[in-house]
Amino acid sequence: MKQDSPYDVDVLRKEFPILDKEVNGHPLVYLDSAASAQKPRAVIEAQREYEAHFHSNIHRGVHTLATKATEAYEGVRAKLKNHINASKREEIIFTSGTTDSINLVAGTWGRANLKKSDTIVLTRLEHHSNIVPWQILAQEKGFAIEVVEIKENGELCENSLKEKLALSPKIVCVSHVSNTLGTINDVKNITKQAHQVGALVLIDGAQAAPHKTIDVQVIDCDFYAGSAHKMYGPSGVGFLYGKHELLCQMPPCRGGGEMIESVSFEKQTTFNVPPYKFEAGTPNLSGVVGYGAAIDWINSLGLDNIAAHENSLLEYASSKLLQIEGLRLIGTAKSKASVISFLVDGIHPSDIGTLLDQLGIAVRTGHHCTEPIMTKLGIPGTVRASFAAYSTFSEVDALVAGVERAVKMLR
Amino acid sequence: MKQDSPYDVDVLRKEFPILDKEVNGHPLVYLDSAASAQKPRAVIEAQREYEAHFHSNIHRGVHTLATKATEAYEGVRAKLKNHINASKREEIIFTSGTTDSINLVAGTWGRANLKKSDTIVLTRLEHHSNIVPWQILAQEKGFAIEVVEIKENGELCENSLKEKLALSPKIVCVSHVSNTLGTINDVKNITKQAHQVGALVLIDGAQAAPHKTIDVQVIDCDFYAGSAHKMYGPSGVGFLYGKHELLCQMPPCRGGGEMIESVSFEKQTTFNVPPYKFEAGTPNLSGVVGYGAAIDWINSLGLDNIAAHENSLLEYASSKLLQIEGLRLIGTAKSKASVISFLVDGIHPSDIGTLLDQLGIAVRTGHHCTEPIMTKLGIPGTVRASFAAYSTFSEVDALVAGVERAVKMLR
Amino acid sequence: MHANNSLELRQGQIIEEFDMFPDWMEKYEHIIELGKELDPIAEADKIDDNLIKGCQSRVWLTASLNDEGNIIFFADSDAIITKGLVALMIRVLSDAKPREIASADLHFLEAIGLNAHLSPTRSNGLLSMVKQMKMYGLAYSAR
Amino acid sequence: MHANNSLELRQGQIIEEFDMFPDWMEKYEHIIELGKELDPIAEADKIDDNLIKGCQSRVWLTASLNDEGNIIFFADSDAIITKGLVALMIRVLSDAKPREIASADLHFLEAIGLNAHLSPTRSNGLLSMVKQMKMYGLAYSAR
Ligand SMILES: Cc1ncc(COP(=O)(O)O)c(C=O)c1O
Ligand SMILES: Cc1ncc(COP(=O)(O)O)c(C=O)c1O
């Protein structure tokens, strides 16, 4: 089946040390990349190189190491700016991950702007990270949270969106790609509609950034969030894109070093400009450097090539899995990323996960931090397999065989 | 001068790849460890090993890699618990650093408990990270911030402390060790006095944890914060210790994955127990693993040995520097950690820093994120040299010679 | 002493029983079998109050004291492997003195190579269930 | 063209001048000398309004237009090395046409091996000062 791939996956896999591993006596079949992607040697070595040869705290240092470390760090900001086509490097804030990014928006823009009489809009598809920060803030401020519902196939319901937008929300928070159902939302169109009613738009891009070319200027969203660890980079790093004028207006989030202009007990403490205003304290330096290497790695392969490869895997896996009796796919949107959730009649997902693990196959089971989807669909969770640039057709075969075997045991 | 050292520093230095470096044609003399410590090979390799062989997202996974990654992560929590002698592992929250830890306390405990009529107490010695989060919150809530002043030598003024405690503050936030003046505060005694007036105590341990054995039960503080990157560990990781009953009462901080028990749009969303309640999203996994290696490394050397070594360096450096005409030490507390700030009459600190850099000597100049100290002392900043376990007497000699040379050029 | 021994004995039997299954598949097939055979809990008891928190698969647990002062446990799960493991726990801990239960040293899962399921990192609720069973032991022995 | 050339010429002279100092010490000694020789700014101009933000060492900058329509810069710093670098900037940019200043390509710092001081990562305010000087150029040429 390899003929479908725009690059040689077997060669590519050699760059990922972990993919050689055995688990429970079987070669590892890692189908949990949506939870966290594995890292190529280039990323691992970039971090090591940094720590072994260039580490120093950044900014405000007059010594050479501090300058080099700062240049490395700011260089990744510029890289990321290009990668998502932001218009200015000042629009890229480094955070510790998507969750942190969304909490930043809720904690600064949200706390400063949302009042009791306001409404905000989320969708049924959101990850807890794009729900709970808003619920916590709503408890403090008293605004209403309205939810765009989904259709049976896991697509957002256009009518529901229209209804909710008619309520003139202050912000619409929507995932670019659902981590549970794989649904790719038309965020450009949603943004356009939201802007028409005067709402800001925050996009949770945690699952989109590893699989799609992101152009924040084309989407025209106000905020966009992502995590390095889902993009072949280190954990503990992520980004928030925000339109520059918005960032300038927003109050700071966390207080500490770097984010200030001048601190005083007697006069007013004043704050730095974006992005520094939002980056308090010593950042994850080696993580950011590793993230830079990850972006380079992705670009050297090409996101389009990655997407093409993943799409063939998705198609292949879907058709193969559907041959298993009683198996149904959860999430069958027309436009779908390489995440495949399924259930087998009468069998609990965690049982399948446990037995697959015995075969060295790593899938995720449960609600995938999207309980509202489970509530809506009336299911206890799903088994989720997710693909990345390094996934193979034979891994799909192993998955299908594994599920068949598990189902036989469990029935 | 090596006879003073409880271990062989030359052998130890071989574990730090960066210390072999040349900067501007001179061997690197790294005297900026208070900003960020260099990392031994054991730490760098632990991260690499994790990323190359064990990486997976943690918690809620049924597969083996997820279990192993979770065990590694939770194992470091247990290690840290022992390291600072917390009474329960649930009292250790992983954060992205000291700044994040203090903001967490301000954002949850502070926001939930501080009212307009309240007073909190900080000290003149605090790092911006222990000032600005409280100022930001004070702007929102309207409470008063009172400041314990310092004496000429950089020690906290006991009378000022007593005065401020007499105002019945809700919390006293104090650094264990000043990053600018080196003052070691008697936090056990301060905590006792604060508790007598019913105040909670938060200790910023960023500078203490690398140099002193910390026993949070002996200190009896309510919160204690620290950063891995100052403890020979990775950047982007830190911890917050909090007394368990306090953590249980505190509302969550950031919302997202892991910190919830159940998320619903229809019913009440409910939260996990500490520490998970405060750890939203995918954490800095490789960073935490590296932190574990750093704690092991510190303990294998022994914090008492490190402190003894650093103290002889401090004494040696102080007496040597004082022989330079017009040089005065800024911060001469009786109890002092291995941070040495100084000024030379008529010379701007940044000029000295720039010339030292030409000699390969990395010091920090400026206000060191403690502007209120500078305001009080009426100085533009200081030159700061700071020592770590790997610093040597000949590095002190290089510093002294370098300062002499710079001063000659600048006068 | 005797009491603890009897929990020891029960664990020994299970270890012996699993010795017959060197292969993970047979082991899990046996567990699945045990799950299927477990006396069902009354539907009326499948309520939130009896639910063990923090689980991916749900576990319900109830307990009562019989005339001999032994605790009898009933439990159920919606996942069959969890249910099989629950059945093993019940075989060891049910119908025993509260004090024995509270102080039981459950080493058999380790011995049969399934202790990963007791790891706090798993979210199958087994560890929470064991804690809950011991809490019952403690609570009843305090009376 | 001529105008730009003259800024080019000025930069060329500085590069030549620094060529005599192969050694960093002599180079810095020269910069320090230049700092000492810089015409002091009026004390009355050392106010916050003329302060360049974001600096570890402080830099003050003022500008005025002379009869020939050239901008004249005055600047000062509390750090002598920064002041020396400021003096170099003034030598290149002062007494020049607004338009020339706005579009100047300042490559001499790189050529004399001191461009690290222009890095955004330094906090000596030099980069901000250069930006501010160009802003003046832009503002005056718009008139
Ligand atoms: C759609 C979505 N949003 C947000 C997140 C949270 O990302 P992180 O855990 O890196 O903060 C995830 C990751 O699971 C996700 O899939
Ligand atoms: C005393 C003190 N507190 C807080 C901090 C902030 O630590 P971090 O930047 O790791 O958050 C520092 C580090 O500079 C410090 O020295």
# chains A, B, ... in the order shown; residues from 1 in each chain; ligands from 1
call {"tool": "interface_residues", "arguments": {"of": "chain B", "to": "chain D", "cutoff": "10 Å", "atoms": "only C-alpha atoms", "output": "PyMOL selection string"}}
result
chain B and resi 24+346-352+354-355+358-359+365-367+380-381+405-406+409-411
call {"tool": "residues_around", "arguments": {"residues": "A:Ala206", "least_positions_apart": "4", "cutoff": "10 Å", "atoms": "only C-alpha atoms", "output": "ChimeraX atom specification"}}
result
/A:34-35,97-99,127,175-179,210-211,224-231,238-239
call {"tool": "closest_residue", "arguments": {"among": "B:Val62, B:Ala78, B:Leu104, B:Leu125", "to": "ligand 2", "atoms": "only C-alpha atoms and all ligand atoms"}}
result
B:Leu125
call {"tool": "residues_around", "arguments": {"residues": "stretch 6-16 of chain C", "least_positions_apart": "3", "cutoff": "12 Å", "atoms": "only C-alpha atoms", "output": "VMD selection string"}}
result
chain C and resid 1 to 3 19 to 22 27 30 to 31 34 85 87 to 114
call {"tool": "write_last_selection", "arguments": {"atoms": "N, CA, C and O atoms", "output": "compact mmCIF listing (two decimals), in the first residue's frame"}}
result
# COMPACT_ATOMS: atom_id res chain seq x y z
N MET C 1 -4.10 -13.59 63.22
CA MET C 1 -3.11 -14.33 62.42
C MET C 1 -3.79 -15.27 61.45
O MET C 1 -3.57 -15.27 60.26
N HIS C 2 -4.67 -16.07 62.03
CA HIS C 2 -5.39 -17.03 61.20
C HIS C 2 -6.16 -16.32 60.08
O HIS C 2 -6.15 -16.72 58.92
N ALA C 3 -6.82 -15.20 60.52
CA ALA C 3 -7.64 -14.45 59.58
C ALA C 3 -6.80 -13.98 58.38
O ALA C 3 -7.14 -14.24 57.23
N ASP C 19 -1.17 -19.58 37.33
CA ASP C 19 0.07 -20.22 36.88
C ASP C 19 -0.20 -21.09 35.65
O ASP C 19 0.70 -21.35 34.85
N MET C 20 -1.43 -21.54 35.53
CA MET C 20 -1.78 -22.39 34.40
C MET C 20 -1.80 -21.62 33.08
O MET C 20 -1.89 -22.22 32.02
N PHE C 21 -1.79 -20.30 33.16
CA PHE C 21 -1.89 -19.48 31.93
C PHE C 21 -0.61 -18.69 31.71
O PHE C 21 -0.51 -17.55 32.14
N PRO C 22 0.34 -19.30 31.06
CA PRO C 22 1.59 -18.57 30.86
C PRO C 22 1.42 -17.46 29.83
O PRO C 22 2.17 -16.49 29.81
N LYS C 27 -4.65 -15.75 30.00
CA LYS C 27 -4.84 -15.04 31.27
C LYS C 27 -6.04 -14.10 31.16
O LYS C 27 -6.94 -14.11 32.00
N HIS C 30 -9.32 -15.82 30.87
CA HIS C 30 -9.79 -16.26 32.18
C HIS C 30 -10.42 -15.09 32.96
O HIS C 30 -11.49 -15.25 33.56
N ILE C 31 -9.76 -13.97 32.91
CA ILE C 31 -10.30 -12.80 33.61
C ILE C 31 -11.66 -12.42 33.05
O ILE C 31 -12.61 -12.14 33.80
N LEU C 34 -14.14 -14.77 34.40
CA LEU C 34 -14.48 -14.42 35.78
C LEU C 34 -15.43 -13.23 35.82
O LEU C 34 -16.35 -13.18 36.64
N LEU C 85 -11.36 -8.35 37.09
CA LEU C 85 -10.41 -7.99 38.14
C LEU C 85 -11.14 -7.70 39.45
O LEU C 85 -10.69 -8.08 40.54
N ALA C 87 -13.87 -9.12 40.27
CA ALA C 87 -14.26 -10.44 40.77
C ALA C 87 -13.12 -11.05 41.59
O ALA C 87 -13.36 -11.66 42.65
N LEU C 88 -11.91 -10.88 41.12
CA LEU C 88 -10.76 -11.41 41.87
C LEU C 88 -10.64 -10.72 43.22
O LEU C 88 -10.39 -11.38 44.24
N MET C 89 -10.83 -9.42 43.24
CA MET C 89 -10.75 -8.66 44.48
C MET C 89 -11.80 -9.15 45.48
O MET C 89 -11.56 -9.26 46.68
N ILE C 90 -12.98 -9.42 44.93
CA ILE C 90 -14.06 -9.88 45.80
C ILE C 90 -13.74 -11.27 46.35
O ILE C 90 -13.95 -11.56 47.52
N ARG C 91 -13.17 -12.11 45.49
CA ARG C 91 -12.81 -13.45 45.96
C ARG C 91 -11.84 -13.36 47.14
O ARG C 91 -11.91 -14.18 48.05
N VAL C 92 -10.94 -12.38 47.08
CA VAL C 92 -9.96 -12.26 48.15
C VAL C 92 -10.55 -11.57 49.38
O VAL C 92 -10.37 -12.02 50.51
N LEU C 93 -11.29 -10.51 49.16
CA LEU C 93 -11.65 -9.65 50.29
C LEU C 93 -13.06 -9.86 50.86
O LEU C 93 -13.32 -9.48 52.01
N SER C 94 -13.95 -10.44 50.06
CA SER C 94 -15.32 -10.57 50.56
C SER C 94 -15.40 -11.72 51.56
O SER C 94 -14.59 -12.65 51.55
N ASP C 95 -16.40 -11.61 52.43
CA ASP C 95 -16.61 -12.61 53.46
C ASP C 95 -15.36 -12.73 54.36
O ASP C 95 -14.87 -13.84 54.62
N ALA C 96 -14.88 -11.63 54.79
CA ALA C 96 -13.72 -11.61 55.69
C ALA C 96 -13.99 -10.60 56.79
O ALA C 96 -14.90 -9.77 56.68
N LYS C 97 -13.21 -10.67 57.84
CA LYS C 97 -13.37 -9.73 58.97
C LYS C 97 -12.92 -8.33 58.55
O LYS C 97 -11.91 -8.20 57.86
N PRO C 98 -13.66 -7.33 59.00
CA PRO C 98 -13.31 -5.94 58.65
C PRO C 98 -11.83 -5.64 58.87
O PRO C 98 -11.17 -5.04 58.02
N ARG C 99 -11.31 -6.07 60.02
CA ARG C 99 -9.93 -5.77 60.36
C ARG C 99 -8.95 -6.39 59.35
O ARG C 99 -7.96 -5.76 58.97
N GLU C 100 -9.25 -7.61 58.96
CA GLU C 100 -8.41 -8.30 57.96
C GLU C 100 -8.38 -7.51 56.66
O GLU C 100 -7.36 -7.34 56.02
N ILE C 101 -9.57 -7.08 56.27
CA ILE C 101 -9.70 -6.36 55.00
C ILE C 101 -8.91 -5.06 55.04
O ILE C 101 -8.16 -4.73 54.13
N ALA C 102 -9.05 -4.36 56.17
CA ALA C 102 -8.39 -3.07 56.29
C ALA C 102 -6.88 -3.21 56.18
O ALA C 102 -6.20 -2.34 55.65
N SER C 103 -6.37 -4.33 56.67
CA SER C 103 -4.91 -4.46 56.71
C SER C 103 -4.37 -5.41 55.64
O SER C 103 -3.20 -5.79 55.68
N ALA C 104 -5.22 -5.82 54.72
CA ALA C 104 -4.80 -6.83 53.73
C ALA C 104 -3.65 -6.33 52.86
O ALA C 104 -3.61 -5.17 52.46
N ASP C 105 -2.73 -7.22 52.61
CA ASP C 105 -1.62 -6.92 51.70
C ASP C 105 -1.90 -7.64 50.38
O ASP C 105 -1.71 -8.84 50.26
N LEU C 106 -2.35 -6.90 49.40
CA LEU C 106 -2.81 -7.53 48.15
C LEU C 106 -1.66 -7.65 47.16
O LEU C 106 -1.42 -6.76 46.38
N HIS C 107 -0.98 -8.76 47.25
CA HIS C 107 0.19 -8.94 46.39
C HIS C 107 -0.10 -9.83 45.20
O HIS C 107 0.71 -9.97 44.31
N PHE C 108 -1.28 -10.41 45.17
CA PHE C 108 -1.53 -11.42 44.12
C PHE C 108 -1.54 -10.82 42.71
O PHE C 108 -1.11 -11.47 41.76
N LEU C 109 -2.00 -9.58 42.58
CA LEU C 109 -2.05 -8.98 41.23
C LEU C 109 -0.64 -8.86 40.66
O LEU C 109 -0.40 -9.09 39.48
N GLU C 110 0.27 -8.53 41.54
CA GLU C 110 1.67 -8.45 41.12
C GLU C 110 2.15 -9.83 40.70
O GLU C 110 2.77 -10.00 39.65
N ALA C 111 1.83 -10.82 41.55
CA ALA C 111 2.30 -12.18 41.28
C ALA C 111 1.74 -12.72 39.96
O ALA C 111 2.42 -13.47 39.26
N ILE C 112 0.52 -12.36 39.61
CA ILE C 112 -0.02 -12.87 38.35
C ILE C 112 0.24 -11.89 37.20
O ILE C 112 -0.29 -12.06 36.09
N GLY C 113 1.06 -10.88 37.47
CA GLY C 113 1.51 -10.00 36.39
C GLY C 113 0.47 -9.00 35.93
O GLY C 113 0.48 -8.55 34.79
N LEU C 114 -0.44 -8.66 36.81
CA LEU C 114 -1.49 -7.72 36.39
C LEU C 114 -1.49 -6.45 37.25
O LEU C 114 -2.46 -5.70 37.27
call {"tool": "closest_residue", "arguments": {"among": "B:Ala166, B:Leu322, B:Ala209, B:Val289", "to": "chain A", "atoms": "only C-alpha atoms"}}
result
B:Val289
call {"tool": "atom_distance", "arguments": {"atom1": "atom CA of D:Gln132", "atom2": "atom CA of D:Asn70"}}
result
16.1 Å
call {"tool": "closest_atom_pairs", "arguments": {"of": "chain B", "to": "ligand 1", "cutoff": "9 Å", "atoms": "only C-alpha atoms and all ligand atoms", "output": "Markdown table"}}
result
| residue | atom | partner | partner_atom_place_in_ligand_line | distance |
| --- | --- | --- | --- | --- |
| B:Asn57 | CA | ligand 1 | 9 (O) | 8.7 |
| B:Gly256 | CA | ligand 1 | 6 (C) | 7.0 |
| B:Gly257 | CA | ligand 1 | 9 (O) | 6.5 |
| B:Glu258 | CA | ligand 1 | 9 (O) | 8.8 |
| B:Ala280 | CA | ligand 1 | 11 (O) | 7.3 |
| B:Gly281 | CA | ligand 1 | 9 (O) | 3.7 |
| B:Thr282 | CA | ligand 1 | 9 (O) | 3.6 |
| B:Pro283 | CA | ligand 1 | 9 (O) | 7.1 |
call {"tool": "write_last_selection", "arguments": {"atoms": "all heavy atoms", "output": "compact mmCIF listing (two decimals), in the first residue's frame"}}
result
# COMPACT_ATOMS: atom_id res chain seq x y z
N ASN B 57 1.62 10.83 26.07
CA ASN B 57 0.87 11.66 26.97
C ASN B 57 0.49 10.84 28.19
O ASN B 57 0.37 9.62 28.10
CB ASN B 57 -0.36 12.25 26.29
CG ASN B 57 -0.68 13.63 26.84
OD1 ASN B 57 -0.43 13.89 28.02
ND2 ASN B 57 -1.21 14.50 26.01
N GLY B 256 -9.01 22.83 31.96
CA GLY B 256 -8.57 22.02 30.83
C GLY B 256 -8.59 20.55 31.16
O GLY B 256 -9.30 20.13 32.08
N GLY B 257 -7.83 19.79 30.40
CA GLY B 257 -7.75 18.36 30.64
C GLY B 257 -7.17 18.08 32.01
O GLY B 257 -6.49 18.93 32.59
N GLU B 258 -7.43 16.91 32.55
CA GLU B 258 -6.81 16.43 33.78
C GLU B 258 -7.32 17.07 35.06
O GLU B 258 -7.31 16.44 36.12
CB GLU B 258 -5.28 16.62 33.77
CG GLU B 258 -4.52 15.61 33.01
CD GLU B 258 -5.02 14.22 33.28
OE1 GLU B 258 -5.25 13.87 34.43
OE2 GLU B 258 -5.18 13.47 32.31
N ALA B 280 -3.69 21.72 34.62
CA ALA B 280 -4.51 21.60 33.42
C ALA B 280 -3.63 21.40 32.20
O ALA B 280 -2.59 22.05 32.07
CB ALA B 280 -5.35 22.85 33.25
N GLY B 281 -4.05 20.52 31.32
CA GLY B 281 -3.34 20.37 30.06
C GLY B 281 -2.13 19.46 30.16
O GLY B 281 -1.77 18.99 31.23
N THR B 282 -1.54 19.22 28.99
CA THR B 282 -0.37 18.35 28.93
C THR B 282 0.81 19.07 29.58
O THR B 282 1.17 20.16 29.16
CB THR B 282 -0.02 18.03 27.47
OG1 THR B 282 -1.19 17.50 26.85
CG2 THR B 282 1.11 17.03 27.39
N PRO B 283 1.40 18.47 30.60
CA PRO B 283 2.51 19.15 31.28
C PRO B 283 3.82 19.01 30.50
O PRO B 283 3.88 18.36 29.46
CB PRO B 283 2.59 18.43 32.62
CG PRO B 283 1.97 17.10 32.41
CD PRO B 283 1.03 17.21 31.24
call {"tool": "select_by_dssp", "arguments": {"residues": "chain D", "states": "helix (DSSP H, G or I)", "output": "number ranges by chain"}}
result
D: 2-19, 24-37, 43-45, 48-50, 80-93, 98-102, 108-111, 115-118, 126-142
call {"tool": "residues_around", "arguments": {"residues": "stretch 91-96 of chain B", "least_positions_apart": "6", "cutoff": "7 Å", "atoms": "only C-alpha atoms", "output": "NGL selection string"}}
result
:B and (77 or 81 or 236-244 or 275 or 278-279)
call {"tool": "write_last_selection", "arguments": {"atoms": "C-alpha atoms", "output": "PDB file, in the first residue's frame"}}
result
ATOM      1  CA  ARG B  77       6.404  14.253  42.254  1.00  0.00           C
ATOM      2  CA  LYS B  81       7.891  15.643  48.009  1.00  0.00           C
ATOM      3  CA  GLY B 236       9.825  25.470  31.894  1.00  0.00           C
ATOM      4  CA  VAL B 237       9.276  23.414  35.057  1.00  0.00           C
ATOM      5  CA  GLY B 238       8.734  24.409  38.631  1.00  0.00           C
ATOM      6  CA  PHE B 239       6.680  23.490  41.625  1.00  0.00           C
ATOM      7  CA  LEU B 240       4.253  24.887  44.084  1.00  0.00           C
ATOM      8  CA  TYR B 241       4.028  23.288  47.483  1.00  0.00           C
ATOM      9  CA  GLY B 242       0.795  24.002  49.307  1.00  0.00           C
ATOM     10  CA  LYS B 243      -0.617  22.594  52.523  1.00  0.00           C
ATOM     11  CA  HIS B 244      -3.093  19.938  51.572  1.00  0.00           C
ATOM     12  CA  PRO B 275      -2.668  18.264  42.791  1.00  0.00           C
ATOM     13  CA  PHE B 278      -4.220  22.651  39.436  1.00  0.00           C
ATOM     14  CA  GLU B 279      -2.500  20.892  36.561  1.00  0.00           C
TER      15      GLU B 279
END
call {"tool": "closest_residue", "arguments": {"among": "B:Ala293, B:Ile219, B:Ala362, B:Val383", "to": "chain A", "atoms": "only C-alpha atoms"}}
result
B:Ala362
call {"tool": "atom_distance", "arguments": {"atom1": "atom CA of A:Thr180", "atom2": "atom CA of B:Val288"}}
result
27.3 Å
call {"tool": "residues_around", "arguments": {"residues": "stretch 391-399 of chain B", "least_positions_apart": "5", "cutoff": "10 Å", "atoms": "only C-alpha atoms", "output": "JSON, numbers by chain"}}
result
{"B": [1, 2, 4, 5, 9, 10, 12, 13, 19, 27, 28, 29, 30, 31, 33, 309, 310, 312, 313, 314, 316, 317, 318, 320, 321, 356, 359, 360, 361, 362, 363, 385, 386, 404, 405]}
call {"tool": "select_by_dssp", "arguments": {"residues": "chain D", "states": "strand (DSSP E)", "output": "PyMOL selection string"}}
result
chain D and resi 59-65+71-77
call {"tool": "residues_around", "arguments": {"residues": "stretch 141-146 of chain A", "least_positions_apart": "3", "cutoff": "9 Å", "atoms": "only C-alpha atoms", "output": "NGL selection string"}}
result
(:A and (111 or 114-123 or 134-138 or 164 or 167 or 169)) or (:B and (265))
call {"tool": "write_last_selection", "arguments": {"atoms": "C-alpha atoms", "output": "tab-separated table (two decimals), in the first residue's frame"}}
result
chain	number	residue	atom	x	y	z
A	111	ARG	CA	-11.93	38.79	32.54
A	114	LEU	CA	-17.10	39.78	29.72
A	115	LYS	CA	-19.97	41.01	31.85
A	116	LYS	CA	-23.02	39.39	33.41
A	117	SER	CA	-25.27	40.32	30.52
A	118	ASP	CA	-22.94	38.84	27.90
A	119	THR	CA	-23.06	35.61	25.97
A	120	ILE	CA	-20.23	33.55	24.59
A	121	VAL	CA	-20.47	30.63	22.19
A	122	LEU	CA	-18.66	27.31	22.36
A	123	THR	CA	-19.36	24.15	20.43
A	134	TRP	CA	-14.83	29.67	30.14
A	135	GLN	CA	-16.97	27.89	32.71
A	136	ILE	CA	-14.65	28.95	35.53
A	137	LEU	CA	-14.79	32.54	34.32
A	138	ALA	CA	-18.55	32.38	33.81
A	164	LYS	CA	-26.27	31.09	18.59
A	167	LEU	CA	-27.57	36.03	20.31
A	169	PRO	CA	-22.04	36.71	21.49
B	265	PHE	CA	-22.81	21.75	29.62
call {"tool": "atom_distance", "arguments": {"atom1": "atom CA of B:Phe387", "atom2": "atom CA of B:Gly154"}}
result
18.9 Å
call {"tool": "residues_around", "arguments": {"residues": "B:Glu71", "least_positions_apart": "3", "cutoff": "12 Å", "atoms": "only C-alpha atoms", "output": "PyMOL selection string"}}
result
(chain B and resi 50+54-59+61+64-68+74-79+285+288-289) or (chain C and resi 116+119-122)
